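> See model.csv below, with CSV, C-alpha atoms and all ligand atoms.
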chain,number,residue,atom,x,y,z
A,1,MET,CA,127.7,-45.4,198.0
A,2,THR,CA,127.5,-42.8,200.6
A,3,ALA,CA,130.2,-42.0,203.2
A,4,SER,CA,129.2,-41.5,206.8
A,5,ILE,CA,127.7,-38.1,207.5
A,6,THR,CA,128.9,-38.0,211.1
A,7,GLY,CA,131.5,-35.3,211.6
A,8,GLN,CA,131.2,-33.9,208.1
A,9,ASP,CA,131.1,-30.2,207.6
A,10,ASN,CA,127.9,-28.7,206.3
A,11,PRO,CA,128.7,-27.9,202.6
A,12,TYR,CA,125.8,-25.5,202.0
A,13,ILE,CA,126.6,-21.8,202.1
A,14,ILE,CA,124.1,-19.4,203.5
A,15,GLY,CA,124.6,-15.7,203.2
A,16,VAL,CA,128.1,-14.9,202.0
A,17,PRO,CA,128.8,-14.4,198.3
A,18,ILE,CA,130.2,-17.5,196.6
A,19,GLY,CA,133.9,-17.2,195.9
A,20,LYS,CA,134.8,-20.7,194.8
A,21,PRO,CA,133.7,-21.6,191.3
A,22,GLU,CA,132.9,-25.2,192.3
A,23,SER,CA,130.4,-23.9,194.9
A,24,PHE,CA,128.6,-21.7,192.3
A,25,PHE,CA,125.8,-23.0,190.1
A,26,GLY,CA,124.1,-21.8,187.0
A,27,ARG,CA,124.0,-18.4,185.4
A,28,GLU,CA,125.5,-19.6,182.1
A,29,ASP,CA,123.1,-17.4,180.2
A,30,LEU,CA,124.2,-14.4,182.2
A,31,PHE,CA,127.9,-15.0,181.5
A,32,ARG,CA,127.2,-15.5,177.9
A,33,PHE,CA,125.3,-12.2,177.8
A,34,ILE,CA,128.3,-10.4,179.4
A,35,GLN,CA,130.7,-12.1,177.1
A,36,ASP,CA,128.8,-11.3,173.9
A,37,ASN,CA,128.3,-7.7,174.9
A,38,LEU,CA,131.9,-7.1,175.9
A,39,LYS,CA,133.0,-8.6,172.6
A,40,GLN,CA,130.7,-6.1,170.9
A,41,ASN,CA,132.4,-3.3,172.8
A,42,ALA,CA,129.5,-2.5,175.1
A,43,LYS,CA,131.1,-0.1,177.5
A,44,VAL,CA,128.4,-0.4,180.2
A,45,ILE,CA,126.4,-3.5,181.0
A,46,LEU,CA,123.7,-3.1,183.7
A,47,LEU,CA,122.7,-6.0,185.9
A,48,HIS,CA,120.0,-5.9,188.5
A,49,GLY,CA,118.2,-8.3,190.9
A,50,GLN,CA,116.4,-8.6,194.2
A,51,ARG,CA,118.1,-9.1,197.6
A,52,ARG,CA,120.0,-12.3,198.0
A,53,ILE,CA,119.5,-13.5,194.5
A,54,GLY,CA,123.2,-13.9,194.0
A,55,LYS,CA,124.4,-10.5,192.5
A,56,SER,CA,127.7,-10.3,194.4
A,57,SER,CA,128.4,-14.0,193.6
A,58,VAL,CA,127.9,-13.4,189.9
A,59,LEU,CA,130.3,-10.6,189.9
A,60,LEU,CA,132.9,-12.6,191.8
A,61,GLN,CA,132.7,-15.4,189.3
A,62,VAL,CA,132.8,-13.3,186.1
A,63,HIS,CA,136.6,-13.9,185.7
A,64,ASN,CA,136.1,-17.7,186.1
A,65,PHE,CA,133.2,-18.0,183.6
A,66,VAL,CA,133.7,-15.2,181.0
A,67,GLN,CA,136.6,-16.3,178.8
A,68,LEU,CA,138.0,-13.2,177.2
A,69,GLU,CA,141.8,-12.9,177.2
A,70,GLN,CA,141.7,-9.2,176.4
A,71,PHE,CA,139.7,-8.2,179.5
A,72,LEU,CA,140.9,-7.8,183.1
A,73,PHE,CA,138.1,-7.8,185.7
A,74,VAL,CA,138.3,-5.8,188.9
A,75,PHE,CA,135.6,-6.3,191.6
A,76,VAL,CA,134.7,-3.3,193.6
A,77,SER,CA,132.0,-3.3,196.3
A,78,LEU,CA,130.4,0.0,197.0
A,79,GLU,CA,128.6,-1.3,200.1
A,80,GLY,CA,128.9,1.1,203.0
A,81,LYS,CA,130.2,3.9,200.7
A,82,SER,CA,126.9,5.7,200.4
A,83,ARG,CA,128.0,8.6,202.5
A,84,LYS,CA,131.4,9.0,200.8
A,85,SER,CA,132.1,11.9,198.6
A,86,VAL,CA,132.9,11.4,194.9
A,87,SER,CA,136.6,11.8,195.5
A,88,GLY,CA,136.4,9.3,198.4
A,89,VAL,CA,134.7,6.7,196.2
A,90,LEU,CA,137.2,7.3,193.3
A,91,TYR,CA,140.1,6.9,195.8
A,92,GLU,CA,138.6,3.5,196.9
A,93,ILE,CA,138.1,2.4,193.3
A,94,ALA,CA,141.7,3.3,192.5
A,95,SER,CA,143.1,1.4,195.5
A,96,GLU,CA,141.1,-1.7,194.5
A,97,ILE,CA,142.4,-1.5,190.9
A,98,LEU,CA,146.0,-1.2,192.1
A,99,GLU,CA,145.6,-4.2,194.4
A,100,TYR,CA,144.2,-6.3,191.5
A,101,LEU,CA,147.0,-5.2,189.1
A,102,GLU,CA,149.6,-6.4,191.6
A,103,ASP,CA,148.0,-9.4,193.3
A,104,GLU,CA,145.7,-10.9,190.7
A,105,PHE,CA,147.3,-10.0,187.4
A,106,GLU,CA,150.8,-10.0,188.8
A,107,LEU,CA,151.8,-6.9,186.9
A,108,GLU,CA,154.7,-4.5,187.7
A,109,VAL,CA,153.0,-1.5,189.5
A,110,ASP,CA,156.0,0.1,191.2
A,111,GLY,CA,155.6,3.4,189.4
A,112,VAL,CA,151.8,3.6,189.7
A,113,ARG,CA,150.6,6.4,192.0
A,114,ILE,CA,147.2,7.1,193.4
A,115,PRO,CA,146.5,10.8,193.8
A,116,SER,CA,145.8,11.8,197.4
A,117,LYS,CA,142.2,12.1,198.6
A,118,LYS,CA,142.8,15.8,199.0
A,119,ASP,CA,144.1,16.3,195.5
A,120,LEU,CA,141.3,14.2,194.1
A,121,GLN,CA,138.8,16.4,195.9
A,122,LYS,CA,140.3,19.5,194.4
A,123,GLU,CA,140.7,18.0,191.0
A,124,GLN,CA,138.6,15.0,190.1
A,125,GLU,CA,140.2,14.7,186.7
A,126,LEU,CA,143.4,13.4,188.4
A,127,PHE,CA,141.7,10.0,188.6
A,128,SER,CA,141.8,9.6,184.8
A,129,ASP,CA,144.6,12.0,183.9
A,130,VAL,CA,147.1,10.6,186.4
A,131,PHE,CA,145.9,7.3,187.8
A,132,LEU,CA,144.1,5.6,184.8
A,133,ARG,CA,146.7,6.8,182.4
A,134,GLN,CA,149.3,4.9,184.4
A,135,VAL,CA,147.0,1.9,184.7
A,136,PHE,CA,146.6,1.7,181.0
A,137,GLU,CA,150.3,1.9,180.5
A,138,VAL,CA,150.8,-1.1,182.8
A,139,ILE,CA,148.0,-3.3,181.2
A,140,GLY,CA,149.1,-2.5,177.6
A,141,ASP,CA,146.5,-3.4,175.1
A,142,LYS,CA,144.1,-5.1,177.5
A,143,ASN,CA,140.8,-3.7,178.6
A,144,LEU,CA,139.8,-3.0,182.2
A,145,VAL,CA,136.3,-3.9,183.4
A,146,LEU,CA,135.1,-2.6,186.7
A,147,LEU,CA,132.5,-4.8,188.3
A,148,LEU,CA,130.7,-2.4,190.6
A,149,ASP,CA,128.7,-4.2,193.2
A,150,GLU,CA,125.9,-2.3,195.1
A,151,PHE,CA,126.1,0.6,192.7
A,152,ASP,CA,122.6,1.8,193.8
A,153,VAL,CA,123.7,2.5,197.4
A,154,LEU,CA,125.4,5.6,196.0
A,155,GLY,CA,121.9,7.0,195.3
A,156,GLU,CA,120.6,6.3,198.8
A,157,HIS,CA,121.2,9.7,200.4
A,158,SER,CA,119.7,12.6,198.5
A,159,GLN,CA,122.3,15.0,199.8
A,160,ASP,CA,125.1,12.8,198.7
A,161,THR,CA,127.2,14.1,195.9
A,162,ALA,CA,128.1,10.6,194.7
A,163,SER,CA,124.7,9.9,193.3
A,164,THR,CA,124.5,13.2,191.4
A,165,HIS,CA,128.1,13.4,190.3
A,166,LEU,CA,129.6,10.0,190.3
A,167,PHE,CA,127.2,8.4,187.9
A,168,PRO,CA,127.7,11.1,185.2
A,169,TYR,CA,131.4,11.1,185.9
A,170,LEU,CA,131.7,7.4,185.3
A,171,LYS,CA,129.6,7.7,182.2
A,172,SER,CA,132.0,10.4,180.8
A,173,LEU,CA,135.0,8.3,181.7
A,174,VAL,CA,133.8,5.2,179.8
A,175,ASP,CA,132.9,7.4,176.9
A,176,GLU,CA,136.4,8.9,176.8
A,177,GLN,CA,138.5,5.9,177.8
A,178,GLU,CA,138.6,3.3,175.1
A,179,GLN,CA,139.9,0.6,177.4
A,180,LEU,CA,137.5,1.2,180.3
A,181,PHE,CA,134.3,-0.8,180.8
A,182,ILE,CA,131.9,-1.0,183.7
A,183,ILE,CA,129.4,-3.5,184.8
A,184,PRO,CA,127.3,-1.9,187.6
A,185,VAL,CA,124.9,-4.1,189.6
A,186,VAL,CA,121.9,-2.7,191.4
A,187,GLY,CA,119.7,-4.3,194.0
A,188,ARG,CA,116.5,-2.7,192.9
A,189,ARG,CA,114.4,-2.5,189.8
A,190,LEU,CA,115.8,-0.3,187.2
A,191,ASP,CA,112.5,1.5,186.9
A,192,ASP,CA,113.1,2.8,190.4
A,193,MET,CA,116.3,4.4,189.3
A,194,PRO,CA,115.4,6.9,186.6
A,195,ASN,CA,118.7,8.8,187.0
A,196,LEU,CA,120.7,5.7,186.2
A,197,LEU,CA,118.4,4.6,183.3
A,198,GLY,CA,118.5,8.1,181.9
A,199,LEU,CA,122.3,8.2,181.8
A,200,PHE,CA,122.8,4.6,180.6
A,201,HIS,CA,119.8,4.2,178.4
A,202,GLU,CA,121.8,2.6,175.7
A,203,ALA,CA,123.4,0.1,177.9
A,204,PRO,CA,122.3,-3.6,177.6
A,205,ASN,CA,120.7,-4.7,180.8
A,206,LEU,CA,119.7,-8.0,182.3
A,207,ARG,CA,117.9,-9.2,185.4
A,208,ILE,CA,119.6,-11.7,187.7
A,209,GLY,CA,116.6,-14.0,188.4
A,210,LEU,CA,115.9,-17.5,189.7
A,211,LEU,CA,118.1,-20.5,188.8
A,212,GLN,CA,116.9,-22.7,186.0
A,213,LYS,CA,115.5,-26.0,187.4
A,214,GLN,CA,118.4,-28.1,186.3
A,215,ASN,CA,120.9,-25.8,188.0
A,216,ALA,CA,118.8,-25.6,191.2
A,217,GLU,CA,118.8,-29.4,191.2
A,218,ARG,CA,122.6,-29.4,191.0
A,219,LEU,CA,122.8,-26.9,193.8
A,220,ILE,CA,120.8,-29.3,195.9
A,221,THR,CA,122.6,-32.5,195.2
A,222,LYS,CA,126.2,-31.6,194.2
A,223,PRO,CA,127.6,-30.1,197.5
A,224,ALA,CA,126.7,-33.2,199.5
A,225,GLN,CA,127.3,-35.8,196.8
A,226,GLY,CA,128.5,-39.1,198.2
A,227,VAL,CA,127.3,-38.1,201.7
A,228,LEU,CA,123.6,-37.3,201.3
A,229,GLU,CA,121.2,-38.8,198.9
A,230,TYR,CA,118.0,-37.0,197.9
A,231,GLU,CA,114.9,-38.9,196.9
A,232,PRO,CA,113.3,-37.4,193.7
A,233,GLY,CA,110.3,-36.4,195.8
A,234,ALA,CA,112.6,-34.5,198.2
A,235,ILE,CA,114.2,-32.6,195.3
A,236,LYS,CA,110.8,-31.7,194.0
A,237,GLY,CA,109.7,-30.5,197.4
A,238,ILE,CA,112.7,-28.3,197.8
A,239,LEU,CA,112.1,-26.8,194.3
A,240,GLU,CA,108.5,-26.1,195.1
A,241,LEU,CA,109.5,-24.2,198.3
A,242,SER,CA,112.4,-22.3,196.9
A,243,ALA,CA,111.3,-21.8,193.3
A,244,GLY,CA,114.9,-22.0,192.3
A,245,HIS,CA,115.9,-19.0,194.5
A,246,PRO,CA,119.6,-19.9,195.2
A,247,TYR,CA,119.6,-18.5,198.7
A,248,PHE,CA,116.4,-20.2,199.8
A,249,THR,CA,117.6,-23.4,198.2
A,250,GLN,CA,120.8,-23.3,200.2
A,251,VAL,CA,118.9,-22.4,203.4
A,252,ILE,CA,116.7,-25.4,203.1
A,253,CYS,CA,119.5,-27.8,202.2
A,254,PHE,CA,121.7,-26.5,205.1
A,255,ALA,CA,118.9,-27.3,207.5
A,256,LEU,CA,118.4,-30.8,205.9
A,257,PHE,CA,122.0,-31.6,206.1
A,258,SER,CA,122.2,-30.5,209.8
A,259,LYS,CA,119.2,-32.7,210.6
A,260,ALA,CA,120.5,-35.7,208.8
A,261,ARG,CA,123.9,-35.4,210.5
A,262,GLU,CA,122.3,-35.2,213.9
A,263,GLU,CA,120.3,-38.4,213.2
A,264,GLY,CA,123.1,-40.1,211.4
A,265,ARG,CA,121.0,-40.6,208.2
A,266,SER,CA,122.1,-40.3,204.6
A,267,LEU,CA,118.7,-40.3,202.8
A,268,ILE,CA,116.5,-37.3,202.4
A,269,THR,CA,112.8,-37.9,201.8
A,270,ARG,CA,110.0,-35.5,200.9
A,271,GLU,CA,108.8,-35.8,204.5
A,272,ASP,CA,112.2,-34.6,205.8
A,273,VAL,CA,111.8,-31.5,203.6
A,274,GLU,CA,108.3,-30.8,205.0
A,275,ASN,CA,109.6,-31.2,208.5
A,276,VAL,CA,112.6,-29.0,208.2
A,277,VAL,CA,110.8,-25.9,206.8
A,278,ASP,CA,110.4,-24.1,210.1
A,279,LYS,CA,114.1,-24.6,210.9
A,280,ALA,CA,115.1,-23.4,207.5
A,281,ILE,CA,113.0,-20.2,207.9
A,282,GLU,CA,114.7,-19.7,211.3
A,283,ASN,CA,118.2,-20.1,209.7
A,284,GLY,CA,117.4,-17.8,206.9
A,285,GLU,CA,115.6,-15.2,208.9
A,286,ALA,CA,118.3,-12.5,208.5
A,287,GLY,CA,117.9,-12.8,204.8
A,288,LEU,CA,114.2,-13.4,204.8
A,289,ALA,CA,113.4,-10.4,206.9
A,290,TRP,CA,113.7,-8.2,203.9
A,291,PHE,CA,110.8,-9.9,202.2
A,292,TYR,CA,108.3,-9.0,205.0
A,301,LIG,N1,124.9,-19.1,191.8
A,301,LIG,C1,124.8,-19.5,193.0
A,301,LIG,N2,125.1,-20.8,193.4
A,301,LIG,C2,125.0,-21.2,194.7
A,301,LIG,N3,124.5,-20.4,195.7
A,301,LIG,C3,124.2,-19.2,195.4
A,301,LIG,C4,124.3,-18.7,194.0
A,301,LIG,N4,123.9,-17.4,194.0
A,301,LIG,C5,123.5,-17.1,195.3
A,301,LIG,N5,123.6,-18.1,196.1
A,301,LIG,C6,123.2,-18.2,197.5
A,301,LIG,O1,122.7,-16.9,197.9
A,301,LIG,C7,123.4,-16.3,198.9
A,301,LIG,C8,123.5,-14.8,198.6
A,301,LIG,O2,124.3,-14.6,197.5
A,301,LIG,P1,124.9,-13.1,197.1
A,301,LIG,O3,125.5,-12.6,198.4
A,301,LIG,O4,125.7,-13.3,195.9
A,301,LIG,O5,123.6,-12.4,196.8
A,301,LIG,P2,123.3,-10.8,196.6
A,301,LIG,O6,122.2,-10.7,195.6
A,301,LIG,O7,124.6,-10.1,196.4
A,301,LIG,O8,122.8,-10.5,198.1
A,301,LIG,P3,122.6,-9.0,198.7
A,301,LIG,O9,121.3,-8.5,198.1
A,301,LIG,O10,122.5,-9.3,200.2
A,301,LIG,O11,123.8,-8.2,198.4
A,301,LIG,C9,124.8,-17.1,199.0
A,301,LIG,O12,125.3,-17.1,200.2
A,301,LIG,C10,124.3,-18.4,198.5
A,301,LIG,O13,123.7,-19.1,199.6
A,302,MG,MG,125.5,-8.6,197.3
Would you write out, as structure tokens, the structure that this file holds?

Amino acid sequence: MTASITGQDNPYIIGVPIGKPESFFGREDLFRFIQDNLKQNAKVILLHGQRRIGKSSVLLQVHNFVQLEQFLFVFVSLEGKSRKSVSGVLYEIASEILEYLEDEFELEVDGVRIPSKKDLQKEQELFSDVFLRQVFEVIGDKNLVLLLDEFDVLGEHSQDTASTHLFPYLKSLVDEQEQLFIIPVVGRRLDDMPNLLGLFHEAPNLRIGLLQKQNAERLITKPAQGVLEYEPGAIKGILELSAGHPYFTQVICFALFSKAREEGRSLITREDVENVVDKAIENGEAGLAWFY
């Protein structure tokens, strides 16, 4: 049975990272990889993947799908921080950690103080000597995992001190601090980042790739379950077009849903898929532009 599609919100999400676990599909192997490596005390785990493949979404979901009581995960996006100094970036990371301690982990943080930007600039070590020390007091015997999104933007400007100093500094921090772990994610091939690979050559690394067929199928059918029905040929058609790329799958399904709603229909055929391709490309243009 399908409910009437008229007036229903389009359930497909295009562009923004997926925050709700029920809207997120696949990546079981990746979470297992992270879980196994954290358990084995890997202090750095490198992830990489092309644009729009779902890097930020994976990081946002780690706390939902990696079940490790002893680890507290803090998501930090470094987007837009490429021109910041090392001390500026450290200050932002500290602010993010403090916010998580208070809001997500509901810990008592009254006494925790972040050194001022000025002090950090003069003395970078304050980040660990003063700030991290207090953080570890608050979290007791738990470990802290920093999920660093868009880590590579720090290397974008050759003049920038973050690329030359922050990577090595973070490396020295995780080496020193038993309870500190980092999972940096980069949007380019690791081969293109010799600095990073050189520093973290021992780190396990994994590429975030296309979704497995079964998960791509769930991404197509689940969000609109009970409202839209897809003929097997339609699902096949979508998979042929998207190859299991989550963003393109969502873009196509978003367009199919809109079209079906306009026409008050609840069945999607292969022909519908073929007809909607142009519209889908138009919707996805912002994201697609990168590929040309
Ligand atoms: N696991 C997933 N389940 C469902 N949709 C996904 C998934 N991963 C990615 N998407 C789709 O891809 C889009 C982009 O995801 P996300 O922002 O996480 O990618 P990204 O690799 O961080 O992109 P960017 O390179 O722009 O930073 C989402 O809005 C969604 O449409
Ligand atoms: Mg992202």
> Have a look at A:Glu217, A:Asp129, A:Glu99, A:Glu274 and name the one nearest to ligand LIG 301 (chain A); count only C-alpha atoms and all ligand atoms.
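Distance minimum relative to ligand LIG 301 (chain A) lands on A:Glu217.
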> Hey, which residues come within 7 Å of ligand LIG 301 (chain A) if we count all atoms listed in the file? Could you give them as a VMD selection string?
chain A and resid 13 to 18 23 to 27 49 to 58 187 219 246 to 247 250 to 251
> Would you list the contacts of Leu210 (chain A) as a ChimeraX atom specification, taking every protein, DNA or RNA residue within 9 Å and counting all atoms listed in the file, but skipping same-chain residues closer than 2 positions in sequence?
/A:53,208,212-213,216,243-246
> Looking at only C-alpha atoms and all ligand atoms, which of A:Leu101, A:Val186, A:Val112, A:Val44 is the one that sits closest to ligand MG 302 (chain A)?
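Closest residue, counting only C-alpha atoms and all ligand atoms: A:Val186.
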> Considering only C-alpha atoms and all ligand atoms, state which residue in the set A:Glu150, A:Asp272, A:Asp29, A:Glu106 is at the smallest distance from ligand MG 302 (chain A).
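The shortest atom-to-atom distance to ligand MG 302 (chain A) comes from A:Glu150.
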